[in-house]
Protein chains: 2
Amino acid sequence: MLTKRCDQTVAWTALQGHYQAHGRDLDLREAFQRDPKRFEHFALGAPEVFADLSKNLWDVATRRLLTELARECGLEAHRDAMLRGEAVNTTEGRAVLHTALRAPRGAAPFSDDVHGVLDRMLAFAESVRDTAASGIRHVVNIGIGGSDLGPAMAVPALDAFAHPGITLHFVSNVDGHDITPVLRRLKPAETLFIIASKTFTTQETMANAAVARQWFLDAGGSDADIGKHFVGATTNLEAAGKFGIRTTFGFWDWVGGRYSLWSAIGLPIAIAIGSDHFRALLAGAHAMDRHFAEAPLADNLPVQLGLLDLWYRNFFGFTSRSVAPYHQGLRRFPAYLQQLEMESNGKQVDFDGQPLPYATSPVVWGEPGTNGQHAYFQMLHQGTDTVPVEFIAVKHPTHAHADLHAKALANCLAQSAALMLGKTSAAALTEKAPTASATLDKQTLARHRTFPGNRPSSVLLLEQLTPRALGALIALYEHRVFTSGALWGINSFDQWGVELGKALCNDLLPRLASGDPAGLDASTAGLLARLRA
Amino acid sequence: MLTKRCDQTVAWTALQGHYQAHGRDLDLREAFQRDPKRFEHFALGAPEVFADLSKNLWDVATRRLLTELARECGLEAHRDAMLRGEAVNTTEGRAVLHTALRAPRGAAPFSDDVHGVLDRMLAFAESVRDTAASGIRHVVNIGIGGSDLGPAMAVPALDAFAHPGITLHFVSNVDGHDITPVLRRLKPAETLFIIASKTFTTQETMANAAVARQWFLDAGGSDADIGKHFVGATTNLEAAGKFGIRTTFGFWDWVGGRYSLWSAIGLPIAIAIGSDHFRALLAGAHAMDRHFAEAPLADNLPVQLGLLDLWYRNFFGFTSRSVAPYHQGLRRFPAYLQQLEMESNGKQVDFDGQPLPYATSPVVWGEPGTNGQHAYFQMLHQGTDTVPVEFIAVKHPTHAHADLHAKALANCLAQSAALMLGKTSAAALTEKAPTASATLDKQTLARHRTFPGNRPSSVLLLEQLTPRALGALIALYEHRVFTSGALWGINSFDQWGVELGKALCNDLLPRLASGDPAGLDASTAGLLARLRA
């Protein structure tokens with residue numbers, strides 16, 4: 001559906017020349033001096049999100065060429081094809097319609113199906129939230145990957161909107177050290193388990209579900225009670241029924257795991273924040289969908305971010321991007337983005353299966369600011385590599401501590417400025433450093449206290465972390481990943497890279513009991529022997 | 001104290017030749033075929049930790065040259081100088097003696113000081129753990145960076161050894177969305193706050209401590225009660241006294257923040273697991289210290305890991321390392337390592353302040369397996385970049401679910417094997433792929449389902465995640481970071497890179513109130529205006 005892969009365009013060649021001639025030598029400090037309107041020129045508005053992209057290593061010409069690249073690749077047609085429900089997931093022959101999950105009734109494909117399940121799910125969530133009637137105080141979501149990361153990210157993010165009498169827990173890892181401490185603190189009569197697995201066969205989820213079920217029975221729950229305390233976010237009604245589940249919420253093969261928090265997989269979110277807030281989450285995402293669908297490429301925030309990602313990856317050669325949410329509620333957002341971006345675009349062949357001659361998904365990583373400042377920011381400021389940083393801040397907190405909020409904002413702005421401005425040795429030489437060794441040569445100390453600067457960062461600003469704003473923020477990243485993936489010529493919606501490990505695991509599991517090393521590589525055989533010794 | 005920087009050695013030049021001639025083309029699958037004893041040749045034992053390093057991109061000659069490099073740099077003398085208490089933190093003129101914190105009585109410098117505080121701290125921890133007498137059910141540690149990441153990592157890691165009646169909470173971020181949901185769930189009479197800040201001036205910690213203090217008073221606590229419900233891990237007795245704190249535990253300027261969990265900063269750990277287990281944690285670290293101090297370089301696990309890091313960073317040019325603990329209790333271990341490694345070695349000048357001509361600290365990142373498998377492992381297997389992976393597994397779980405544990409181990413071994421083995425297009429062509437598009441050309445599908453393989457990984461194996469094993473594991477990483485930092489000629493024990501952002505924050509904070517943009521760059525000024533609009 002794409003017209004061209006990025007490297008087959010005229011714009012790509014032009015960008016190569018532009019990079020050699022100007023791009024690689026761009027100094028942000030000079031760029032701000034040359035263009036007093038640089039902030040305005042690189043400010044972009046989208047629903048619920050304002051972006052300051054002025055402290056990135058690009059100029060107006062770069063943006064024009066990148067935008068031309070997107071046009072030449074046929075990004076708009078590809079986007080429209082996805083939104084219409086064409087099978088843009090070509091290797092699996094599937095449509096990709098997470099946007100339909102948040103469209104108003106009648107506004108997108110499969111509307112009746114989507115709103116049928118949504119209405120039913122939200123009614124169920126409300127019945128759980130009526131704790132006097134339901135008796136439920138704890139909800140445990142058992143799921144992994146896309147059936148975990150979205151809700152596990154969104155529930156703490158929206159803590160200020162959450163039911164005060166219900167605690168959400170997330171069990172994902174097949175490692176038993178995950179579920180064990182969770183169950184230890186719970187009582188069956190107060191607990192609802194959500195088993196989240198499209199197929200109801202996911203190894204980790206089924207293993208944990210079996211442990212939860214046995215725990216429930218061992219603690220005196222009856223077989224009949226299983227139906228009241230376990231529900232499924234699944235399409236496999238038969239397997240769920242055998243488990244004892246009577247309440248299920250389904251979804252469709254056009255909902256990818258990492259794009260599924262808008263579907264029945266969002267049930268834990270709906271229980272936490274209630275149906276009105278959940279609908280606001282969907283509405284925020286839908287508003288971003290409209291922006292992505294309608295805004296001109298040059299003003300289209302997800303498109304411009306995706307282009308910036310390509311610029312950094314394929315021209316500057318940056319290999320990772322650090323995400324720094326200055327909001328503790330977004331502490332799991334980097335982990336969420338790791339799946340969204342790296343599982344979508346961590347590929348090395350194009351749509352046709354041809355090897356790509358350029359780098360694709362970077363590593364995405366980070367911790368909430370200001371914590372990161374007291375950990376790895378040293379490396380961002382004074383390390384040898386350039387790592388673009390993405391700051392996320394909110395104008396209004398959902399708490400009452402204005403003093404703390406001002407400090408969080410001041411830190412966020414200060415770090416972004418410091419990365420760009422740096423500090424010369426000459427400036428360092430004029431300063432006192434109270435902890436410095438008294439015997440150290442002053443020039444040497446100044447060199448230790450020098451910052452190169454010119455390190456790029458973006459600031460994404462939300463009014464407040466409401467359900468609507470969170471929905472828009474997540475959708476922004478989804479479409480950004482779509483953009484870079486499309487230009488790279490990647491199918492961002494399959495994940496063949498998870499297959500091989502699964503197959504080898506199935507081969508190894510019986511060997512842990514039997515000890516049979518036949519056909520194993522010597523390392524695996526050696527480790528197996530050691531584990532059984 | 002170091003004889004030479006790595007790039008000034010004969011071994012470095014030899015390694016360059018070796019890399020060009022053999023190193024960069026090493027194929028792990030062929031290497032295992034050539035050497036049936038490769039597993040044994042690259043197996044290394046250290047206290048509590050067994051390491052399989054055979055699936056790394058090196059051979060016997062590489063290791064010999066790297067070990068020679070360490071010798072030529074004078075690593076052993078530098079190590080001994082640190083252990084003796086010489087001021088190896090040259091820019092601050094300080095000794096670096098976290099090893100003294102875990103040495104037996106009389107076995108290291110400052111023993112009387114160390115054991116005096118330790119005895120007193122553990123007695124206090126035991127008094128809190130006597131919940132019938134203390135009335136304490138919740139402990140909130142308020143600290144950031146080194147005063148947070150260690151305890152916040154170790155407490156969940158040792159959950160199986162923890163007091164069942166006391167819940168630990170960690171507040172670090174100055175963002176008020178951190179402390180707000182914590183306090184909402186607590187009662188003052190049942191709560192003990194630990195204010196962890198060496199200077200009792202850390203901005204984030206003091207802001208959060210003030211909020212906690214006010215909350216305590218607002219809820220009916222008296223000024224006199226402050227002394228019972230707030231304690232300090234600090235050396236600033238005067239400031240703590242003004243706050244109302246009467247119980248403090250100190251430490252020394254030779255304890256770096258990121259090396260401080262062994263000191264009074266470990267109080268939350270001691271309260272969680274008790275004094276005997278805390279002493280076991282120290283003993284495990286001490287055992288690793290002895291290994292580091294005494295084992296020949298070729299058999300010295302932290303040294304060999306540090307050399308491998310240098311090999312990957314400076315010869316292969318890998319820019320990040322992914323840490324995958326197959327133990328959910330270690331879910332904060334990657335965040336802990338981010339500070340330990342990136343703050344220690346994220347530098348670009350050597351001891352003399354001379355610019356380094358090579359790359360230093362990589363990005364360290366990761367999530368617990370098997371979660372990562374369902375997220376970013378796609379990129380590790382099929383992305384365009386090579387990211388070395390470090391698997392951490394335990395032979396015996398601290399829970400009773402043998403079935404789950406077998407699955408966790410099988411997954412761990414399978415992923416490590418899959419990264420190395422890969423899958424050819426020819427093999428993919430012979431397999432069924434149930435979700436594949438029926439209309440997709442079979443050859444094209446096979447190319448999508450191809451894995452390049454030859455991607456390196458290490459496996460670190462512990463018998464069980466006991467306090468002793470955790471202590472050894474952390475010390476292993478500390479010394480590994482010392483090794484790579486020393487060879488790079490870096491002072492791994494300062495952190496000048498955190499200064500600039502702090503200064504700019506102090507400048508910006510009043511501007512958030514006044515709106516004064518004088519002298520600000522246009523981006524910061526624009527964001528400031530927007531935040532105040």
# chains A, B, ... in the order shown; residues from 1 in each chain; ligands from 1

$ closest_atom_pairs --of "chain B" --to "chain A" --cutoff "6 Å" --atoms "only C-alpha atoms" --output "CSV"
residue,atom,partner,partner_atom,distance
B:Phe39,CA,A:Ser523,CA,5.2
B:Thr91,CA,A:Ser437,CA,5.4
B:Glu92,CA,A:Ser437,CA,4.2
B:Gly93,CA,A:Ser437,CA,4.5
B:Gly145,CA,A:His374,CA,4.5
B:Asn173,CA,A:Thr370,CA,5.5
B:Val174,CA,A:Ala408,CA,5.8
B:Asp175,CA,A:Ala408,CA,5.1
B:Gly176,CA,A:Leu404,CA,5.5
B:His177,CA,A:Gln328,CA,5.5
B:Asp178,CA,A:Gln328,CA,5.3
B:Gln328,CA,A:Asp178,CA,5.3
B:Gln338,CA,A:Tyr376,CA,5.7
B:Gln339,CA,A:Ala375,CA,4.1
B:Met342,CA,A:Tyr376,CA,5.1
B:Glu343,CA,A:Gln378,CA,5.1
B:Gly346,CA,A:Met379,CA,3.9
B:Lys347,CA,A:Gly383,CA,4.5
B:Gln348,CA,A:Gly383,CA,5.4
B:Gly353,CA,A:Arg447,CA,5.1
B:Ala359,CA,A:Thr384,CA,5.4
B:Thr370,CA,A:Asn173,CA,5.5
B:Asn371,CA,A:Asn173,CA,5.6
B:His374,CA,A:Gly145,CA,4.5
B:Ala375,CA,A:Gln339,CA,4.1
B:Tyr376,CA,A:Met342,CA,5.1
B:Gln378,CA,A:Gly497,CA,4.6
B:Met379,CA,A:Gly346,CA,3.9
B:His381,CA,A:Gly497,CA,5.8
B:Gln382,CA,A:Lys347,CA,5.1
B:Gly383,CA,A:Gly346,CA,4.2
B:Thr384,CA,A:Ala359,CA,5.4
B:Lys395,CA,A:Leu531,CA,5.8
B:Leu404,CA,A:Gly176,CA,5.5
B:His405,CA,A:Asp175,CA,5.8
B:Ala408,CA,A:Asp175,CA,5.1
B:Ala410,CA,A:Cys505,CA,5.3
B:Asn411,CA,A:Cys505,CA,5.2
B:Ala414,CA,A:Cys505,CA,5.0
B:Gln415,CA,A:Gly501,CA,5.1
B:Ala418,CA,A:Gly501,CA,5.6
B:Thr435,CA,A:Glu92,CA,5.8
B:Ala436,CA,A:Glu92,CA,4.4
B:Ser437,CA,A:Glu92,CA,4.2
B:Thr444,CA,A:Gly353,CA,5.1
B:Arg447,CA,A:Gly353,CA,5.1
B:His448,CA,A:Gly353,CA,5.5
B:Arg449,CA,A:Trp496,CA,5.6
B:Trp496,CA,A:Arg449,CA,5.6
B:Gly497,CA,A:Gln378,CA,4.6
B:Val498,CA,A:Gln378,CA,5.7
B:Gly501,CA,A:Gln415,CA,5.1
B:Leu504,CA,A:Ala414,CA,5.1
B:Cys505,CA,A:Ala414,CA,5.0
B:Leu508,CA,A:Ala410,CA,5.6
B:Leu509,CA,A:Ala410,CA,5.3
B:Ala522,CA,A:Phe39,CA,6.0
B:Ser523,CA,A:Phe39,CA,5.2
B:Leu531,CA,A:Lys395,CA,5.8

$ select_by_dssp --residues "stretch 47-178 of chain A" --states "strand (DSSP E or B)" --output "PyMOL selection string"
chain A and resi 49-52+89+94+138-142+167-171

$ closest_residue --among "B:Leu65, B:Val389, B:Ala196, B:Ala107" --to "B:Ala11" --atoms "only C-alpha atoms"
B:Leu65

$ atom_distance --atom1 "atom CA of A:Gly165" --atom2 "atom CA of A:His138"
8.5 Å

$ residues_around --residues "A:Ala103" --least-positions-apart "4" --cutoff "10 Å" --atoms "only C-alpha atoms" --output "PDB file with N, CA, C and O atoms, in the first residue's frame"
ATOM      1  N   HIS A  98      -7.330  -0.830  15.892  1.00  0.00           N
ATOM      2  CA  HIS A  98      -7.475  -0.322  17.261  1.00  0.00           C
ATOM      3  C   HIS A  98      -8.151   1.039  17.271  1.00  0.00           C
ATOM      4  O   HIS A  98      -8.790   1.402  18.248  1.00  0.00           O
ATOM      5  N   THR A  99      -8.033   1.779  16.174  1.00  0.00           N
ATOM      6  CA  THR A  99      -8.745   3.067  16.110  1.00  0.00           C
ATOM      7  C   THR A  99     -10.265   2.872  16.153  1.00  0.00           C
ATOM      8  O   THR A  99     -10.981   3.752  16.641  1.00  0.00           O
ATOM      9  N   ALA A 107     -19.094   5.321  13.719  1.00  0.00           N
ATOM     10  CA  ALA A 107     -18.082   6.119  13.023  1.00  0.00           C
ATOM     11  C   ALA A 107     -16.937   5.315  12.443  1.00  0.00           C
ATOM     12  O   ALA A 107     -16.060   5.883  11.807  1.00  0.00           O
ATOM     13  N   ALA A 108     -16.911   4.029  12.673  1.00  0.00           N
ATOM     14  CA  ALA A 108     -15.782   3.230  12.181  1.00  0.00           C
ATOM     15  C   ALA A 108     -16.259   1.806  11.929  1.00  0.00           C
ATOM     16  O   ALA A 108     -17.356   1.415  12.364  1.00  0.00           O
ATOM     17  N   PRO A 109     -15.452   1.011  11.231  1.00  0.00           N
ATOM     18  CA  PRO A 109     -15.837  -0.379  10.981  1.00  0.00           C
ATOM     19  C   PRO A 109     -16.102  -1.149  12.278  1.00  0.00           C
ATOM     20  O   PRO A 109     -15.543  -0.811  13.323  1.00  0.00           O
ATOM     21  N   SER A 111     -18.517  -1.209  14.269  1.00  0.00           N
ATOM     22  CA  SER A 111     -19.018  -0.394  15.366  1.00  0.00           C
ATOM     23  C   SER A 111     -19.977  -1.164  16.267  1.00  0.00           C
ATOM     24  O   SER A 111     -19.912  -1.050  17.492  1.00  0.00           O
ATOM     25  N   VAL A 114     -18.020  -3.593  18.434  1.00  0.00           N
ATOM     26  CA  VAL A 114     -17.200  -2.882  19.416  1.00  0.00           C
ATOM     27  C   VAL A 114     -18.066  -2.333  20.544  1.00  0.00           C
ATOM     28  O   VAL A 114     -17.775  -2.555  21.733  1.00  0.00           O
ATOM     29  N   HIS A 115     -19.111  -1.644  20.188  1.00  0.00           N
ATOM     30  CA  HIS A 115     -19.911  -0.997  21.233  1.00  0.00           C
ATOM     31  C   HIS A 115     -20.767  -1.988  22.008  1.00  0.00           C
ATOM     32  O   HIS A 115     -21.103  -1.749  23.166  1.00  0.00           O
ATOM     33  N   LEU A 282     -11.128   6.672  25.900  1.00  0.00           N
ATOM     34  CA  LEU A 282     -11.364   6.353  24.486  1.00  0.00           C
ATOM     35  C   LEU A 282     -11.530   7.628  23.658  1.00  0.00           C
ATOM     36  O   LEU A 282     -11.000   7.736  22.549  1.00  0.00           O
ATOM     37  N   ALA A 283     -12.245   8.594  24.203  1.00  0.00           N
ATOM     38  CA  ALA A 283     -12.499   9.836  23.462  1.00  0.00           C
ATOM     39  C   ALA A 283     -11.203  10.599  23.209  1.00  0.00           C
ATOM     40  O   ALA A 283     -11.018  11.200  22.145  1.00  0.00           O
ATOM     41  N   ALA A 285      -8.229   9.264  22.885  1.00  0.00           N
ATOM     42  CA  ALA A 285      -7.526   8.555  21.811  1.00  0.00           C
ATOM     43  C   ALA A 285      -8.166   8.857  20.467  1.00  0.00           C
ATOM     44  O   ALA A 285      -7.472   9.070  19.462  1.00  0.00           O
ATOM     45  N   HIS A 286      -9.483   8.896  20.445  1.00  0.00           N
ATOM     46  CA  HIS A 286     -10.176   9.178  19.187  1.00  0.00           C
ATOM     47  C   HIS A 286      -9.844  10.583  18.674  1.00  0.00           C
ATOM     48  O   HIS A 286      -9.668  10.790  17.459  1.00  0.00           O
ATOM     49  N   ALA A 287      -9.753  11.537  19.573  1.00  0.00           N
ATOM     50  CA  ALA A 287      -9.392  12.899  19.151  1.00  0.00           C
ATOM     51  C   ALA A 287      -8.015  12.893  18.495  1.00  0.00           C
ATOM     52  O   ALA A 287      -7.787  13.559  17.484  1.00  0.00           O
ATOM     53  N   ASP A 289      -6.720  10.297  17.015  1.00  0.00           N
ATOM     54  CA  ASP A 289      -6.908   9.612  15.733  1.00  0.00           C
ATOM     55  C   ASP A 289      -7.337  10.598  14.653  1.00  0.00           C
ATOM     56  O   ASP A 289      -6.861  10.547  13.517  1.00  0.00           O
ATOM     57  N   ARG A 290      -8.253  11.502  15.005  1.00  0.00           N
ATOM     58  CA  ARG A 290      -8.734  12.481  14.020  1.00  0.00           C
ATOM     59  C   ARG A 290      -7.584  13.408  13.614  1.00  0.00           C
ATOM     60  O   ARG A 290      -7.439  13.743  12.444  1.00  0.00           O
TER      61      ARG A 290
END

$ select_by_dssp --residues "stretch 388-506 of chain B" --states "alpha helix (DSSP H)" --output "ChimeraX atom specification"
/B:402-421,425-429,442-448,467-487,499-506

$ residues_around --residues "B:Val88" --least-positions-apart "4" --cutoff "12 Å" --atoms "only C-alpha atoms" --output "list in words"
Ser437 of chain A; Met1, Leu2, Ala77, His78, Arg79, Asp80, Ala81, Met82, Leu83, Arg84, Glu92, Gly93, Arg94, Ala95, Val96, Leu97, Trp254, Phe351, Phe482, Gly485, Ala486, Gly489, Ile490, Asn491, Ser492, Phe493 and Asp494 of chain B

$ residues_around --residues "stretch 123-130 of chain B" --least-positions-apart "4" --cutoff "12 Å" --atoms "only C-alpha atoms" --output "tab-separated table (two decimals) with N, CA, C and O atoms, in the first residue's frame"
chain	number	residue	atom	x	y	z
B	115	HIS	N	30.84	-0.94	62.39
B	115	HIS	CA	30.09	-1.91	63.19
B	115	HIS	C	29.32	-1.24	64.32
B	115	HIS	O	28.29	-1.78	64.76
B	116	GLY	N	29.79	-0.10	64.76
B	116	GLY	CA	29.02	0.65	65.76
B	116	GLY	C	27.65	1.05	65.21
B	116	GLY	O	26.62	0.77	65.82
B	117	VAL	N	27.65	1.67	64.04
B	117	VAL	CA	26.38	2.08	63.44
B	117	VAL	C	25.54	0.87	63.06
B	117	VAL	O	24.32	0.84	63.27
B	118	LEU	N	26.21	-0.14	62.51
B	118	LEU	CA	25.48	-1.33	62.07
B	118	LEU	C	24.75	-1.99	63.24
B	118	LEU	O	23.55	-2.31	63.15
B	119	ASP	N	25.44	-2.19	64.34
B	119	ASP	CA	24.82	-2.82	65.50
B	119	ASP	C	23.61	-2.02	65.98
B	119	ASP	O	22.55	-2.56	66.29
B	134	SER	N	5.98	-2.07	68.89
B	134	SER	CA	6.20	-0.83	68.14
B	134	SER	C	4.91	-0.26	67.56
B	134	SER	O	4.80	0.94	67.35
B	135	GLY	N	3.97	-1.13	67.26
B	135	GLY	CA	2.74	-0.68	66.61
B	135	GLY	C	2.91	-0.31	65.15
B	135	GLY	O	1.98	0.14	64.49
B	136	ILE	N	4.12	-0.53	64.61
B	136	ILE	CA	4.40	-0.12	63.23
B	136	ILE	C	3.99	-1.22	62.24
B	136	ILE	O	4.36	-2.38	62.39
B	137	ARG	N	3.22	-0.80	61.25
B	137	ARG	CA	2.77	-1.72	60.20
B	137	ARG	C	3.25	-1.28	58.81
B	137	ARG	O	3.22	-2.07	57.86
B	138	HIS	N	3.62	-0.02	58.71
B	138	HIS	CA	4.06	0.53	57.42
B	138	HIS	C	5.32	1.36	57.63
B	138	HIS	O	5.39	2.16	58.56
B	139	VAL	N	6.29	1.15	56.77
B	139	VAL	CA	7.52	1.94	56.80
B	139	VAL	C	7.66	2.63	55.45
B	139	VAL	O	7.58	1.98	54.41
B	162	ALA	N	10.76	-11.56	54.19
B	162	ALA	CA	10.33	-10.32	54.83
B	162	ALA	C	9.31	-10.54	55.95
B	162	ALA	O	8.58	-11.53	55.96
B	163	HIS	N	9.29	-9.62	56.87
B	163	HIS	CA	8.31	-9.61	57.95
B	163	HIS	C	6.90	-9.53	57.34
B	163	HIS	O	6.62	-8.62	56.57
B	164	PRO	N	6.03	-10.49	57.69
B	164	PRO	CA	4.72	-10.50	57.03
B	164	PRO	C	3.80	-9.36	57.48
B	164	PRO	O	2.83	-9.04	56.80
B	165	GLY	N	4.13	-8.75	58.59
B	165	GLY	CA	3.21	-7.75	59.14
B	165	GLY	C	3.62	-6.31	58.88
B	165	GLY	O	2.97	-5.39	59.38
B	166	ILE	N	4.69	-6.11	58.13
B	166	ILE	CA	5.16	-4.75	57.84
B	166	ILE	C	5.27	-4.56	56.34
B	166	ILE	O	5.87	-5.38	55.66
B	167	THR	N	4.65	-3.50	55.84
B	167	THR	CA	4.75	-3.19	54.41
B	167	THR	C	5.70	-2.01	54.22
B	167	THR	O	5.59	-1.01	54.92
B	168	LEU	N	6.62	-2.18	53.29
B	168	LEU	CA	7.57	-1.11	52.97
B	168	LEU	C	7.07	-0.30	51.78
B	168	LEU	O	6.57	-0.86	50.81
B	190	GLU	N	0.51	3.90	62.80
B	190	GLU	CA	1.10	2.62	62.36
B	190	GLU	C	2.31	2.82	61.45
B	190	GLU	O	2.83	1.85	60.91
B	191	THR	N	2.72	4.07	61.26
B	191	THR	CA	3.68	4.37	60.19
B	191	THR	C	4.98	4.93	60.73
B	191	THR	O	5.00	5.79	61.60
B	192	LEU	N	6.08	4.42	60.19
B	192	LEU	CA	7.41	4.96	60.46
B	192	LEU	C	8.00	5.52	59.17
B	192	LEU	O	7.98	4.85	58.13
B	193	PHE	N	8.48	6.75	59.24
B	193	PHE	CA	9.13	7.36	58.08
B	193	PHE	C	10.64	7.36	58.28
B	193	PHE	O	11.12	7.75	59.35
B	194	ILE	N	11.35	6.96	57.24
B	194	ILE	CA	12.82	7.06	57.25
B	194	ILE	C	13.19	8.17	56.26
B	194	ILE	O	12.85	8.08	55.07
B	228	LYS	N	9.13	9.83	67.34
B	228	LYS	CA	8.90	8.38	67.37
B	228	LYS	C	8.61	7.81	65.99
B	228	LYS	O	8.83	6.63	65.75
B	229	HIS	N	8.07	8.65	65.11
B	229	HIS	CA	7.62	8.14	63.81
B	229	HIS	C	8.46	8.59	62.62
B	229	HIS	O	8.15	8.25	61.49
B	231	VAL	N	12.64	8.81	61.52
B	231	VAL	CA	14.06	8.63	61.83
B	231	VAL	C	14.86	9.06	60.61
B	231	VAL	O	14.31	9.19	59.51
B	232	GLY	N	16.14	9.27	60.81
B	232	GLY	CA	16.97	9.77	59.70
B	232	GLY	C	18.14	8.85	59.40
B	232	GLY	O	18.79	8.35	60.32
B	247	THR	N	16.29	10.06	66.28
B	247	THR	CA	17.04	8.84	66.00
B	247	THR	C	17.67	8.96	64.62
B	247	THR	O	16.95	9.06	63.63
B	248	THR	N	18.99	8.93	64.57
B	248	THR	CA	19.65	9.00	63.27
B	248	THR	C	20.74	7.93	63.19
B	248	THR	O	21.29	7.49	64.19
B	249	PHE	N	21.02	7.55	61.95
B	249	PHE	CA	22.09	6.60	61.66
B	249	PHE	C	22.95	7.22	60.57
B	249	PHE	O	22.44	7.58	59.51
B	264	ALA	N	23.70	2.72	56.56
B	264	ALA	CA	22.43	3.09	57.19
B	264	ALA	C	21.31	3.26	56.16
B	264	ALA	O	20.13	3.15	56.50
B	266	GLY	N	20.55	1.18	54.18
B	266	GLY	CA	19.91	-0.13	54.12
B	266	GLY	C	18.88	-0.38	55.21
B	266	GLY	O	18.30	-1.47	55.27
B	267	LEU	N	18.62	0.63	56.04
B	267	LEU	CA	17.66	0.42	57.14
B	267	LEU	C	16.31	-0.16	56.70
B	267	LEU	O	15.80	-1.08	57.37
B	268	PRO	N	15.72	0.30	55.59
B	268	PRO	CA	14.45	-0.33	55.19
B	268	PRO	C	14.60	-1.82	54.91
B	268	PRO	O	13.68	-2.61	55.21
B	269	ILE	N	15.74	-2.20	54.36
B	269	ILE	CA	15.98	-3.62	54.10
B	269	ILE	C	16.06	-4.37	55.43
B	269	ILE	O	15.45	-5.43	55.60
B	270	ALA	N	16.79	-3.79	56.38
B	270	ALA	CA	16.95	-4.44	57.69
B	270	ALA	C	15.61	-4.59	58.39
B	270	ALA	O	15.35	-5.61	59.04
B	271	ILE	N	14.76	-3.58	58.26
B	271	ILE	CA	13.43	-3.69	58.89
B	271	ILE	C	12.63	-4.79	58.20
B	271	ILE	O	11.93	-5.57	58.84
B	272	ALA	N	12.74	-4.87	56.89
B	272	ALA	CA	11.97	-5.89	56.16
B	272	ALA	C	12.45	-7.29	56.50
B	272	ALA	O	11.64	-8.17	56.81
B	273	ILE	N	13.75	-7.54	56.46
B	273	ILE	CA	14.24	-8.93	56.55
B	273	ILE	C	14.87	-9.26	57.90
B	273	ILE	O	15.17	-10.42	58.17
B	274	GLY	N	15.11	-8.28	58.75
B	274	GLY	CA	15.68	-8.57	60.06
B	274	GLY	C	17.19	-8.59	60.07
B	274	GLY	O	17.84	-8.64	59.02
B	275	SER	N	17.74	-8.58	61.27
B	275	SER	CA	19.19	-8.38	61.38
B	275	SER	C	20.00	-9.58	60.89
B	275	SER	O	21.04	-9.40	60.25
B	276	ASP	N	19.55	-10.79	61.15
B	276	ASP	CA	20.33	-11.94	60.69
B	276	ASP	C	20.42	-11.97	59.16
B	276	ASP	O	21.49	-12.21	58.59
B	277	HIS	N	19.28	-11.75	58.54
B	277	HIS	CA	19.28	-11.75	57.07
B	277	HIS	C	20.09	-10.57	56.52
B	277	HIS	O	20.74	-10.69	55.49
B	278	PHE	N	20.03	-9.44	57.21
B	278	PHE	CA	20.81	-8.30	56.73
B	278	PHE	C	22.31	-8.61	56.82
B	278	PHE	O	23.08	-8.28	55.93

$ residues_around --residues "A:Leu237" --least-positions-apart "5" --cutoff "12 Å" --atoms "only C-alpha atoms" --output "CSV table (one decimal) with C-alpha atoms, in the first residue's frame"
chain,number,residue,atom,x,y,z
A,197,SER,CA,-5.6,-14.1,27.0
A,198,LYS,CA,-7.2,-13.8,23.6
A,199,THR,CA,-6.7,-17.6,22.9
A,200,PHE,CA,-6.9,-18.7,26.6
A,201,THR,CA,-3.7,-20.7,25.8
A,231,VAL,CA,-13.9,-13.6,34.4
A,232,GLY,CA,-12.2,-13.8,31.0
A,242,LYS,CA,-13.9,-25.6,31.1
A,243,PHE,CA,-12.0,-23.4,33.6
A,244,GLY,CA,-15.3,-22.5,35.2
A,245,ILE,CA,-15.6,-19.0,33.8
A,246,ARG,CA,-19.1,-17.8,32.9
A,247,THR,CA,-18.4,-14.2,32.1
A,248,THR,CA,-16.2,-13.3,29.1
A,249,PHE,CA,-15.5,-10.3,27.0
A,250,GLY,CA,-14.2,-10.8,23.6
A,251,PHE,CA,-12.2,-9.0,20.9

$ residues_around --residues "B:Ala70" --least-positions-apart "6" --cutoff "8 Å" --atoms "only C-alpha atoms" --output "ChimeraX atom specification"
/B:6,76,297,307,487
